[in-house]
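Structure file run09.cif (mmCIF, C-alpha atoms) follows.
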```cif
data_input
#
loop_
_atom_site.label_atom_id
_atom_site.label_comp_id
_atom_site.auth_asym_id
_atom_site.auth_seq_id
_atom_site.Cartn_x
_atom_site.Cartn_y
_atom_site.Cartn_z
CA MET P 758 0.00 0.00 0.00
CA ALA P 759 1.04 3.55 -0.47
CA ASN P 760 0.71 4.18 3.24
CA ASP P 761 3.53 1.84 4.17
CA SER P 762 6.12 3.65 2.15
CA VAL P 763 5.28 6.98 3.71
CA LYS P 764 6.94 7.40 7.11
CA LEU P 765 5.60 9.64 9.76
CA SER P 766 8.03 12.00 11.35
CA LYS P 767 9.52 11.10 14.71
CA ASN P 768 8.12 14.10 16.48
CA LEU P 769 4.67 13.15 15.36
CA LEU P 770 5.15 9.60 16.55
CA ARG P 771 6.20 10.79 19.97
CA MET P 772 2.89 12.51 20.56
CA LYS P 773 0.58 10.96 23.06
CA PHE P 774 -2.25 10.05 20.81
CA MET P 775 0.08 8.29 18.36
CA GLN P 776 1.52 6.00 21.03
CA ARG P 777 -1.49 3.70 21.04
CA GLY P 778 -1.01 2.54 17.52
CA LEU P 779 2.72 2.02 17.72
CA ASP P 780 4.21 -1.43 17.87
CA ALA P 781 6.60 -2.39 20.61
CA GLU P 782 9.76 -2.10 18.60
CA THR P 783 9.34 1.47 17.46
CA LYS P 784 8.24 2.39 20.94
CA LYS P 785 11.48 1.06 22.34
CA GLN P 786 13.53 2.85 19.78
CA LEU P 787 11.83 6.11 20.51
CA GLU P 788 12.46 5.74 24.19
CA GLU P 789 16.12 5.02 23.65
CA ASP P 790 16.48 8.04 21.45
CA GLU P 791 14.91 10.20 24.07
CA LYS P 792 17.18 8.82 26.76
CA ARG P 793 20.25 9.52 24.67
CA ILE P 794 19.20 13.08 24.08
CA ILE P 795 18.68 13.64 27.78
CA SER P 796 22.00 12.13 28.80
CA ASP P 797 23.80 14.11 26.11
CA GLU P 798 22.36 17.33 27.35
CA HIS P 799 23.15 16.53 30.94
CA TRP P 800 26.76 17.51 31.30
CA TYR P 801 29.10 17.05 34.21
CA LEU P 802 32.65 17.83 35.21
CA ASP P 803 35.07 15.05 34.46
CA LEU P 804 36.85 15.18 37.81
CA PRO P 805 38.02 12.54 40.21
CA GLU P 806 35.67 12.15 43.17
CA LEU P 807 36.36 14.61 45.90
CA LYS P 808 37.16 12.95 49.17
CA ALA P 809 36.52 15.06 52.20
CA LYS P 810 39.42 14.53 54.51
CA GLU P 811 38.23 14.05 58.03
CA ASN P 812 39.31 16.85 60.24
CA LEU P 813 40.77 15.65 63.48
CA ILE P 814 41.20 19.04 65.07
CA ILE P 815 38.22 21.03 66.26
CA GLU P 816 38.65 24.63 67.31
CA GLU P 817 36.90 26.06 70.31
CA LYS P 818 37.33 29.75 70.91
CA SER P 819 35.70 30.09 74.27
CA PHE P 820 37.05 29.40 77.74
CA VAL P 821 33.62 28.54 79.06
CA PRO P 822 33.50 24.86 78.04
CA CYS P 823 37.20 24.39 78.82
CA GLU P 824 37.12 25.51 82.42
CA ASN P 825 33.45 24.75 83.13
CA LEU P 826 32.84 28.37 83.94
CA LYS P 827 29.70 29.27 85.80
CA TYR P 828 26.93 31.67 84.93
CA GLY P 829 27.94 35.30 85.24
CA ARG P 830 25.25 36.54 87.58
CA MET P 831 25.55 35.88 91.27
CA SER P 832 24.06 37.07 94.47
CA PHE P 833 25.44 36.57 97.96
CA LYS P 834 23.60 36.17 101.24
CA GLY P 835 20.21 36.53 99.59
CA PHE P 836 20.70 40.07 98.30
CA ASN P 837 18.73 39.36 95.14
CA PRO P 838 16.48 36.29 95.44
CA GLU P 839 15.69 36.29 91.73
CA VAL P 840 19.33 35.97 90.82
CA GLU P 841 19.80 33.21 93.38
CA LYS P 842 17.02 31.30 91.68
CA LEU P 843 18.73 31.87 88.35
CA MET P 844 22.02 30.65 89.75
CA VAL P 845 20.45 27.35 90.70
CA LEU P 846 18.85 27.09 87.29
CA MET P 847 21.84 28.02 85.16
CA ASN P 848 24.72 26.38 86.94
CA PRO P 849 24.90 22.71 86.09
CA LYS P 850 25.14 20.73 89.27
CA GLU P 851 28.35 19.00 90.18
CA GLU P 852 28.61 15.28 89.91
CA GLU P 853 28.78 14.63 93.63
CA GLU P 854 25.53 16.42 94.20
CA LYS P 855 23.97 14.51 91.36
CA ARG P 856 24.98 11.20 92.85
CA GLU P 857 23.44 12.15 96.17
CA GLU P 858 20.25 13.09 94.44
CA GLU P 859 20.15 9.77 92.67
CA GLU P 860 20.40 7.95 95.97
CA ILE P 861 17.57 9.99 97.38
CA SER P 862 15.39 9.25 94.41
CA ARG P 863 16.16 5.57 94.74
CA MET P 864 15.01 5.68 98.33
CA GLN P 865 11.85 7.45 97.39
CA THR P 866 10.60 4.62 95.21
CA ASP P 867 8.36 3.11 97.87
CA VAL P 868 7.09 0.18 95.83
CA THR P 869 9.90 -2.20 95.00
CA ASP P 870 9.89 -4.49 92.00
CA GLU P 871 9.21 -7.54 94.16
CA GLU P 872 6.23 -5.93 95.78
CA MET P 873 4.84 -5.05 92.41
CA ALA P 874 5.32 -8.58 91.17
CA LEU P 875 3.49 -9.97 94.21
CA ARG P 876 0.66 -7.56 93.68
CA TYR P 877 0.19 -8.46 90.06
CA GLU P 878 0.39 -12.19 90.81
CA SER P 879 -3.13 -12.14 92.13
CA LEU P 880 -4.28 -10.40 88.98
CA VAL P 881 -3.16 -13.26 86.75
CA GLY P 882 -6.16 -15.42 87.61
CA SER P 883 -8.78 -12.77 86.94
CA MET P 884 -7.15 -11.79 83.67
CA LYS P 885 -7.11 -15.42 82.64
CA LYS P 886 -10.82 -15.61 83.25
CA LYS P 887 -11.41 -12.59 81.09
CA PHE P 888 -9.74 -14.08 78.06
CA ALA P 889 -11.10 -17.57 78.49
CA LYS P 890 -14.09 -18.79 76.48
CA LYS P 891 -17.40 -19.45 78.12
CA ARG P 892 -16.97 -23.18 78.55
CA GLU P 893 -13.46 -22.84 79.85
CA ARG P 894 -14.63 -20.19 82.22
CA ALA P 895 -17.08 -22.62 83.73
CA THR P 896 -14.34 -25.13 84.38
CA ILE P 897 -12.14 -22.47 85.90
CA ASP P 898 -14.98 -21.51 88.20
CA GLN P 899 -15.45 -25.07 89.22
CA ASP P 900 -11.79 -25.41 89.97
CA ASP P 901 -12.06 -22.42 92.17
CA ILE P 902 -15.00 -23.90 93.96
CA ASN P 903 -13.19 -27.14 94.48
CA GLN P 904 -10.22 -25.33 95.92
CA ASN P 905 -12.07 -23.34 98.48
CA VAL P 906 -15.00 -25.30 99.59
CA ALA P 907 -15.81 -22.98 102.39
CA GLU P 908 -17.18 -20.49 99.95
CA THR P 909 -20.73 -21.56 99.35
CA HIS P 910 -22.87 -19.84 96.86
CA THR P 911 -26.28 -19.09 98.25
CA LYS P 912 -28.54 -18.44 95.37
CA ARG P 913 -30.82 -15.54 95.97
CA VAL P 914 -34.41 -16.52 95.57
CA PHE P 915 -37.51 -14.60 95.89
CA LEU P 916 -38.92 -15.07 99.31
CA LYS P 917 -42.60 -14.98 99.53
CA PRO P 918 -43.71 -12.54 102.11
CA GLN P 919 -45.74 -14.03 104.87
CA ASP P 920 -49.07 -12.55 105.53
CA MET G 1085 48.05 9.94 69.36
CA PHE G 1086 48.39 13.21 71.24
CA SER G 1087 51.13 11.93 73.47
CA THR G 1088 53.36 14.80 72.32
CA LEU G 1089 50.70 17.23 73.43
CA LYS G 1090 49.97 15.41 76.68
CA GLU G 1091 53.62 15.49 77.67
CA LYS G 1092 53.57 19.27 77.57
CA VAL G 1093 50.53 19.71 79.81
CA GLY G 1094 51.41 22.14 82.59
CA GLU G 1095 54.39 23.56 80.75
CA VAL G 1096 54.78 27.04 79.36
CA LEU G 1097 54.37 27.26 75.60
CA LEU G 1098 55.11 30.15 73.30
CA PRO G 1099 53.48 31.29 70.09
CA GLY G 1100 54.92 29.38 67.17
CA ASP G 1101 55.27 26.03 68.93
CA GLU G 1102 53.87 23.30 66.74
CA PHE G 1103 52.40 19.87 67.19
CA SER G 1104 51.66 17.43 64.44
CA PHE G 1105 49.67 14.25 64.64
CA ASP G 1106 50.75 12.58 61.40
CA THR G 1107 52.83 9.83 62.89
CA ASP G 1108 51.04 7.35 65.03
CA ASP G 1109 53.22 5.86 67.70
CA THR G 1110 51.26 2.63 67.85
CA ILE G 1111 49.82 1.10 64.74
CA SER G 1112 47.64 -1.91 65.24
CA LEU G 1113 47.56 -4.32 62.33
CA THR G 1114 44.43 -6.24 63.15
CA GLU G 1115 41.76 -3.73 63.91
CA HIS G 1116 40.93 -0.50 62.26
CA VAL G 1117 41.59 2.23 64.77
CA LYS G 1118 39.10 5.05 64.67
CA PRO G 1119 41.01 8.31 64.62
CA GLU G 1120 40.48 10.35 67.73
CA LYS G 1121 39.51 13.96 67.57
CA VAL G 1122 41.24 16.66 69.51
CA VAL G 1123 39.54 19.86 70.58
CA CYS G 1124 41.82 22.85 70.79
CA GLY G 1125 40.61 25.66 72.97
CA PRO G 1126 41.72 29.28 73.14
CA GLY G 1127 45.41 29.84 72.46
CA LEU G 1128 45.71 26.94 70.06
CA ARG G 1129 45.03 27.10 66.37
CA ARG G 1130 44.69 24.59 63.61
CA SER G 1131 46.72 24.97 60.48
CA GLY G 1132 46.31 22.04 58.18
CA ASP G 1133 47.15 18.90 60.11
CA ARG G 1134 49.10 20.74 62.73
CA LEU G 1135 48.29 22.47 65.96
CA VAL G 1136 49.98 25.82 66.40
CA VAL G 1137 50.26 27.71 69.64
CA CYS G 1138 49.21 31.34 69.23
CA LYS G 1139 49.27 32.66 72.80
CA SER G 1140 51.94 32.32 75.42
CA GLY G 1141 50.88 30.55 78.54
CA VAL G 1142 50.47 27.25 80.30
CA LEU G 1143 49.04 24.30 78.43
CA ARG G 1144 45.98 22.81 80.12
CA HIS G 1145 44.16 19.58 79.46
CA LYS G 1146 40.71 18.30 80.21
CA GLN G 1147 39.45 14.79 79.63
CA PRO G 1148 38.91 13.35 77.11
CA ASN G 1149 40.97 15.41 74.70
CA LEU G 1150 40.48 19.10 75.20
CA PHE G 1151 43.57 21.28 75.27
CA TRP G 1152 43.92 24.99 75.77
CA ILE G 1153 46.41 27.64 76.80
CA GLU G 1154 45.83 29.45 80.03
CA SER G 1155 47.12 32.97 79.65
CA GLN G 1156 46.74 36.36 81.23
CA GLN G 1157 45.45 39.18 79.15
CA ARG G 1158 43.34 42.28 79.47
CA ARG G 1159 42.20 42.62 75.90
CA TYR G 1160 38.95 40.82 75.22
CA VAL G 1161 38.40 38.90 72.00
CA PRO G 1162 34.77 37.86 71.51
CA ALA G 1163 33.91 34.18 71.36
CA LYS G 1164 30.56 32.71 70.46
CA GLY G 1165 28.36 31.89 73.41
CA GLU G 1166 30.24 33.94 75.98
CA THR G 1167 28.26 36.33 78.14
CA ILE G 1168 29.52 39.87 78.50
CA ILE G 1169 28.58 43.22 79.97
CA GLY G 1170 28.17 45.86 77.28
CA ILE G 1171 27.32 49.53 77.22
CA VAL G 1172 24.77 50.72 74.68
CA THR G 1173 26.37 53.57 72.71
CA ILE G 1174 24.17 54.17 69.68
CA LYS G 1175 20.48 53.62 69.14
CA SER G 1176 19.76 53.54 65.43
CA GLY G 1177 16.57 52.08 64.06
CA ASP G 1178 16.67 48.32 64.29
CA VAL G 1179 19.93 47.75 66.07
CA PHE G 1180 21.78 49.06 69.07
CA LYS G 1181 25.53 49.38 69.02
CA VAL G 1182 27.12 47.96 72.12
CA ASP G 1183 30.61 48.60 73.37
CA PHE G 1184 32.07 45.53 75.06
CA GLY G 1185 35.71 46.48 75.21
CA GLY G 1186 36.73 44.68 72.04
CA SER G 1187 38.20 45.94 68.82
CA GLU G 1188 34.81 46.72 67.34
CA GLN G 1189 31.36 47.51 68.63
CA ALA G 1190 28.82 44.73 68.55
CA SER G 1191 25.33 45.05 67.17
CA LEU G 1192 22.30 44.08 69.21
CA SER G 1193 18.96 43.76 67.48
CA TYR G 1194 15.94 45.18 69.25
CA LEU G 1195 14.17 41.88 68.57
CA ALA G 1196 16.76 39.94 70.53
CA PHE G 1197 15.16 40.68 73.88
CA GLU G 1198 12.71 38.54 75.77
CA GLY G 1199 9.15 39.31 74.76
CA ALA G 1200 10.14 41.86 72.13
CA THR G 1201 8.11 42.10 68.95
CA LYS G 1202 8.05 44.61 66.12
CA ARG G 1203 5.36 46.51 67.95
CA ASN G 1204 6.60 45.99 71.45
CA ARG G 1205 10.11 47.45 71.49
CA PRO G 1206 12.33 46.97 74.50
CA ASN G 1207 13.09 50.05 76.52
CA VAL G 1208 16.82 50.51 75.99
CA GLN G 1209 18.52 53.88 76.30
CA VAL G 1210 21.98 54.98 75.31
CA GLY G 1211 24.28 54.38 78.25
CA ASP G 1212 22.38 51.37 79.58
CA LEU G 1213 24.25 48.26 80.63
CA VAL G 1214 23.28 45.00 78.99
CA PHE G 1215 24.21 41.47 79.94
CA ALA G 1216 24.23 39.61 76.65
CA GLN G 1217 25.82 36.71 74.86
CA PHE G 1218 27.47 36.51 71.48
CA ALA G 1219 25.46 34.94 68.70
CA ILE G 1220 28.08 35.72 66.08
CA ALA G 1221 31.70 36.22 66.98
CA ASN G 1222 33.87 35.99 63.94
CA LYS G 1223 37.19 37.64 63.39
CA ASP G 1224 36.13 38.93 59.99
CA MET G 1225 32.62 40.07 60.82
CA GLU G 1226 30.89 42.44 63.15
CA PRO G 1227 30.04 40.60 66.34
CA GLU G 1228 26.38 40.24 67.17
CA LEU G 1229 24.86 40.06 70.61
CA VAL G 1230 21.55 38.64 71.78
CA CYS G 1231 19.80 38.91 75.12
CA ILE G 1232 17.85 35.66 74.82
CA ASP G 1233 18.82 32.02 74.75
CA SER G 1234 17.87 29.59 72.01
CA SER G 1235 14.43 29.04 73.50
CA GLY G 1236 13.66 32.76 73.63
CA ARG G 1237 13.99 33.26 77.36
CA ALA G 1238 16.10 35.98 78.96
CA ASN G 1239 17.58 33.90 81.80
CA GLY G 1240 19.00 36.95 83.48
CA MET G 1241 20.24 38.61 80.32
CA GLY G 1242 19.05 41.99 79.14
CA VAL G 1243 19.24 45.49 80.49
CA PHE G 1244 20.33 45.70 84.12
CA GLY G 1245 21.99 48.14 86.43
CA GLY G 1246 20.85 51.05 88.45
CA GLY G 1247 22.44 51.76 91.77
CA GLY G 1248 25.45 49.61 91.07
CA LEU G 1249 29.04 50.15 90.10
CA LEU G 1250 30.83 48.93 86.99
CA PHE G 1251 34.57 48.35 86.96
CA LYS G 1252 37.17 46.45 84.98
CA VAL G 1253 39.39 43.58 86.06
CA SER G 1254 41.69 41.29 84.11
CA LEU G 1255 40.22 38.42 82.13
CA GLY G 1256 42.09 35.97 84.31
CA LEU G 1257 40.38 37.22 87.44
CA VAL G 1258 37.00 36.90 85.76
CA ARG G 1259 37.72 33.28 85.01
CA ARG G 1260 38.91 32.72 88.55
CA LEU G 1261 35.65 34.20 89.79
CA LEU G 1262 33.59 31.91 87.62
CA THR G 1263 35.38 28.60 88.02
CA PRO G 1264 33.48 25.97 89.98
CA HIS G 1265 34.59 25.96 93.65
CA SER G 1266 36.11 29.40 93.24
CA GLU G 1267 37.93 30.54 96.37
CA ILE G 1268 37.31 34.22 95.74
CA ARG G 1269 33.61 33.53 95.46
CA SER G 1270 33.46 31.61 98.69
CA ASP G 1271 35.43 34.42 100.39
CA LEU G 1272 32.97 36.98 99.06
CA ASP G 1273 30.11 34.86 100.26
CA GLN G 1274 31.24 35.44 103.85
CA LEU G 1275 31.29 39.24 103.65
CA PHE G 1276 27.98 40.99 103.24
CA PRO G 1277 24.90 40.71 101.03
CA CYS G 1278 25.72 41.87 97.52
CA GLU G 1279 25.08 41.09 93.89
CA LEU G 1280 27.62 40.62 91.13
CA VAL G 1281 27.31 40.51 87.37
CA VAL G 1282 30.47 39.16 85.79
CA GLY G 1283 31.08 39.50 82.07
CA MET G 1284 33.68 37.42 80.33
CA ASN G 1285 35.03 40.66 78.84
CA GLY G 1286 36.52 41.69 82.17
CA ARG G 1287 33.74 43.97 83.29
CA VAL G 1288 32.21 43.38 86.69
CA TRP G 1289 29.19 45.15 88.06
CA VAL G 1290 28.56 45.16 91.77
CA LYS G 1291 25.61 46.25 93.83
CA SER G 1292 25.26 46.21 97.56
CA SER G 1293 23.03 47.78 100.15
CA SER G 1294 25.19 50.89 100.42
CA ILE G 1295 27.65 52.72 98.19
CA GLN G 1296 30.36 52.20 100.77
CA GLN G 1297 29.98 48.43 100.65
CA SER G 1298 29.94 48.40 96.85
CA LEU G 1299 33.18 50.35 96.85
CA ILE G 1300 34.76 47.95 99.32
CA ILE G 1301 33.94 44.98 97.13
CA THR G 1302 35.24 46.81 94.07
CA ASN G 1303 38.55 47.51 95.74
CA LEU G 1304 38.80 44.01 97.13
CA LEU G 1305 38.24 42.41 93.74
CA GLN G 1306 40.57 44.75 91.91
CA SER G 1307 43.37 44.19 94.37
CA SER G 1308 42.86 40.44 94.65
CA ASP G 1309 43.97 40.14 91.02
CA THR G 1310 47.60 40.25 92.08
CA MET G 1311 47.39 38.54 95.45
CA THR G 1312 48.14 35.07 96.68
CA ALA G 1313 45.35 33.13 98.30
CA SER G 1314 46.65 33.69 101.84
CA GLN G 1315 47.08 37.42 101.31
CA ARG G 1316 43.56 37.66 99.99
CA GLN G 1317 42.08 35.73 102.86
CA GLN G 1318 43.89 37.99 105.35
CA LEU G 1319 42.49 41.06 103.64
CA PHE G 1320 38.98 39.66 103.59
CA GLN G 1321 39.24 38.80 107.27
CA ARG G 1322 40.31 42.36 108.05
CA VAL G 1323 37.41 43.80 106.09
CA LYS G 1324 35.01 41.47 107.82
CA GLN G 1325 36.15 42.49 111.28
CA GLY G 1326 36.53 46.16 110.36
CA PRO G 1327 34.14 48.80 111.68
CA LEU G 1328 31.53 48.60 108.99
#
```
When written as C-alpha cells, how does the structure in this file appear?
Amino acid sequence: MANDSVKLSKNLLRMKFMQRGLDAETKKQLEEDEKRIISDEHWYLDLPELKAKENLIIEEKSFVPCENLKYGRMSFKGFNPEVEKLMVLMNPKEEEEKREEEEISRMQTDVTDEEMALRYESLVGSMKKKFAKKRERATIDQDDINQNVAETHTKRVFLKPQD
Amino acid sequence: MFSTLKEKVGEVLLPGDEFSFDTDDTISLTEHVKPEKVVCGPGLRRSGDRLVVCKSGVLRHKQPNLFWIESQQRRYVPAKGETIIGIVTIKSGDVFKVDFGGSEQASLSYLAFEGATKRNRPNVQVGDLVFAQFAIANKDMEPELVCIDSSGRANGMGVFGGGGLLFKVSLGLVRRLLTPHSEIRSDLDQLFPCELVVGMNGRVWVKSSSIQQSLIITNLLQSSDTMTASQRQQLFQRVKQGPL
C-alpha cells in the first residue's frame, strides 16, 4: 500500500495520541532516542571524586567549656532572690551532688519491683478468666469452687412474704 | 596519638610552637583504629594537620581530649556563646551598638530581647548596661549580641543596672571568679549581702546595700587580682572584722 512507504516524522510519533497505535519495537527505539538526548544534554565535570578529609582538630574559641565556667550573675547572702534562683537554674550541678540526688530518688521509690510482682500475681487469675471462652470459664470456676470449699454460693431466691 | 601534646601539659608554651599528629606511635595491624579527635581551645590554632600555639601561657588539658592555653590578658576577644557586659552607645533604628571592650562595637537587634516584637520594642537607652551573649563572633565580621537564649527566654540577660558600680578587672580574674569551687567567690560569700554581674570581657558590676559596701567589694576584687590566696584571705578577714 502507499501508506507503508510513507513514514511519519519522529516528532509526530512521539505525541501521546500516536503511542497507542505504535508497535513495541518502534516504541522502544523512541524511548532510547529520548534517553540519549537527555543524557547528552546533561553535562558534568570530568573530575576525580572529591574525598573530604576528616578533620581531626576542632577549634573552640571560648574558655567557658574548657574551664566549666559558671553563669555570670551571682548574688550573695540573699541580696537578690531572683538571681539566686537563676544561679540554681543556670549552673549545672556538680557530679557529687547529682549522685546524692540519685540515691535519694532511689530511696523514694516506695514500691519495690518484688512488691509489684506480688501484687500483680493475684491479677493473673482474673485476667485469665477474662480471656477464656465461656466453657473454659465454667471449668475455671469449678476449679475455684473445688479449691475453696468454704465459699458456698447461696442463690438468691424470691422469698414470699408471709401474711 | 596526642602523646606529644599530653607530655607538655602544665608547661609554658610560646606562640609558634607546633604539634603534628601525622605519625602514630602505635599502629595496630588487626583492627581499624578510629582516629580520635582533639579539641583545641583558646590559644591553640589549627593549620592544616598541625596544631599551632598562638598565645603564650600554660598548656591545660581536660578529659577526654580538650587542650587549651591558660594565659593572662586584658584585651577581650569575643567568642561565640560567651556572656559579657556591654554599654549601649548608639540607638539607630533596628539595632543598638554595644561597646564591650573589644576591637569593634557589637550590634544588638531590638528583637533579641525577651518578649520583644516589632510593635513591642524593649526600653533601651543609650548608656544602659546590657548582659548579653554573642550569637556571632567571627574575626572577619561584626560581632552580634543577643539577650535571649535559644528558646527565647532571657535567663538573666538583658538590660540591668541602676544603683550599682561597673569596673574592669583582668580576664584571668574573671575566670577565677567563675570557676566551679572558686575561692574568691566563697570568700565573698562570707562578707555581706551583695550582687555581682560578671562579664567574660573583664567587666564586673557590683551592687550592695550601700555605696560604701559596693566600693569595698570593688577595691577588694581589683586588688585580689595580684594577690596570693593567703594574702587575699587575710584582707577579707580584716574587712570582715573592720568597723563597717
Hey, what's within 9 Å of stretch 1281-1293 of chain G if we count all atoms listed in the file and toss same-chain stuff fewer than 4 positions away? As a VMD selection string, please? (chain P and resid 821 828 to 832 836) or (chain G and resid 1158 to 1162 1166 to 1170 1184 to 1186 1215 to 1216 1245 to 1259 1261 to 1262 1276 to 1277 1297 to 1299 1301 to 1302)
With C-alpha atoms retained, write the just-selected residues as a PDB file, in the coordinates of the input.
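Result written to selection14.pdb:
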```pdb
ATOM      1  CA  VAL P 821      33.620  28.540  79.060  1.00  0.00           C
ATOM      2  CA  TYR P 828      26.930  31.670  84.930  1.00  0.00           C
ATOM      3  CA  GLY P 829      27.940  35.300  85.240  1.00  0.00           C
ATOM      4  CA  ARG P 830      25.250  36.540  87.580  1.00  0.00           C
ATOM      5  CA  MET P 831      25.550  35.880  91.270  1.00  0.00           C
ATOM      6  CA  SER P 832      24.060  37.070  94.470  1.00  0.00           C
ATOM      7  CA  PHE P 836      20.700  40.070  98.300  1.00  0.00           C
TER       8      PHE P 836
ATOM      9  CA  ARG G1158      43.340  42.280  79.470  1.00  0.00           C
ATOM     10  CA  ARG G1159      42.200  42.620  75.900  1.00  0.00           C
ATOM     11  CA  TYR G1160      38.950  40.820  75.220  1.00  0.00           C
ATOM     12  CA  VAL G1161      38.400  38.900  72.000  1.00  0.00           C
ATOM     13  CA  PRO G1162      34.770  37.860  71.510  1.00  0.00           C
ATOM     14  CA  GLU G1166      30.240  33.940  75.980  1.00  0.00           C
ATOM     15  CA  THR G1167      28.260  36.330  78.140  1.00  0.00           C
ATOM     16  CA  ILE G1168      29.520  39.870  78.500  1.00  0.00           C
ATOM     17  CA  ILE G1169      28.580  43.220  79.970  1.00  0.00           C
ATOM     18  CA  GLY G1170      28.170  45.860  77.280  1.00  0.00           C
ATOM     19  CA  PHE G1184      32.070  45.530  75.060  1.00  0.00           C
ATOM     20  CA  GLY G1185      35.710  46.480  75.210  1.00  0.00           C
ATOM     21  CA  GLY G1186      36.730  44.680  72.040  1.00  0.00           C
ATOM     22  CA  PHE G1215      24.210  41.470  79.940  1.00  0.00           C
ATOM     23  CA  ALA G1216      24.230  39.610  76.650  1.00  0.00           C
ATOM     24  CA  GLY G1245      21.990  48.140  86.430  1.00  0.00           C
ATOM     25  CA  GLY G1246      20.850  51.050  88.450  1.00  0.00           C
ATOM     26  CA  GLY G1247      22.440  51.760  91.770  1.00  0.00           C
ATOM     27  CA  GLY G1248      25.450  49.610  91.070  1.00  0.00           C
ATOM     28  CA  LEU G1249      29.040  50.150  90.100  1.00  0.00           C
ATOM     29  CA  LEU G1250      30.830  48.930  86.990  1.00  0.00           C
ATOM     30  CA  PHE G1251      34.570  48.350  86.960  1.00  0.00           C
ATOM     31  CA  LYS G1252      37.170  46.450  84.980  1.00  0.00           C
ATOM     32  CA  VAL G1253      39.390  43.580  86.060  1.00  0.00           C
ATOM     33  CA  SER G1254      41.690  41.290  84.110  1.00  0.00           C
ATOM     34  CA  LEU G1255      40.220  38.420  82.130  1.00  0.00           C
ATOM     35  CA  GLY G1256      42.090  35.970  84.310  1.00  0.00           C
ATOM     36  CA  LEU G1257      40.380  37.220  87.440  1.00  0.00           C
ATOM     37  CA  VAL G1258      37.000  36.900  85.760  1.00  0.00           C
ATOM     38  CA  ARG G1259      37.720  33.280  85.010  1.00  0.00           C
ATOM     39  CA  LEU G1261      35.650  34.200  89.790  1.00  0.00           C
ATOM     40  CA  LEU G1262      33.590  31.910  87.620  1.00  0.00           C
ATOM     41  CA  PHE G1276      27.980  40.990 103.240  1.00  0.00           C
ATOM     42  CA  PRO G1277      24.900  40.710 101.030  1.00  0.00           C
ATOM     43  CA  GLN G1297      29.980  48.430 100.650  1.00  0.00           C
ATOM     44  CA  SER G1298      29.940  48.400  96.850  1.00  0.00           C
ATOM     45  CA  LEU G1299      33.180  50.350  96.850  1.00  0.00           C
ATOM     46  CA  ILE G1301      33.940  44.980  97.130  1.00  0.00           C
ATOM     47  CA  THR G1302      35.240  46.810  94.070  1.00  0.00           C
TER      48      THR G1302
END
```
Output as a VMD selection string the set of chain P residues within 12 Å of chain G, with distances taken over all atoms listed in the file. chain P and resid 810 to 852
Write out as a count of residues only each polymer residue whose atoms come within 6 Å of stretch 1086-1103 of chain G, counting all atoms listed in the file; drop sequence neighbours fewer than 2 positions from it. 11
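Atom CA of P:Arg793 is found 23.8 Å from atom CA of P:Pro805.
Restricting the calculation to only C-alpha atoms, the smallest distance between G:Leu1229 and any of G:Asn1204, G:Gln1209, G:Ser1193, G:Gln1317 is found for G:Ser1193.
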Starting from the PyMOL selection byres ((chain P and resi 764-768) around 12), expand the selection into actual residues of this file and give them as a ChimeraX atom specification. /P:759-763,769-776,779,783-784,786-788,790-791
Which residue is closest to G:Arg1322? Choose from G:Met1225, G:Ile1300, G:Val1172, G:Asp1309 and count all atoms listed in the file. G:Ile1300
Mind giving me the straight-line distance from atom CA of G:Tyr1194 to atom CA of G:Asp1224 in Å, one decimal? 23.1 Å
Sel. within 7 Å of pt (12.3, 35.9, 72.3), counting only C-alpha atoms, output as a PyMOL selection string: chain G and resi 1196-1200+1232+1236-1237
Once 6 Å is added on each side, what are the centre and the three edge lengths, in Å to one decimal, of the axis-aligned box enclosing the listed atoms of stretch 883-889 of chain P? Present them as lines of an AutoDock Vina configuration file.
```
center_x = -9.3
center_y = -14.7
center_z = 82.5
size_x = 16.3
size_y = 17.8
size_z = 20.9
```
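Between atom CA of G:Ile1268 and atom CA of G:Asn1149 the interatomic distance comes to 28.5 Å.
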Given the file shown, determine the residues that the PyMOL selection byres ((chain G and resi 1173) around 9) selects; report them as JSON, numbers by chain. {"G": [1171, 1172, 1174, 1175, 1180, 1181, 1182, 1183, 1189, 1209, 1210, 1211, 1212]}
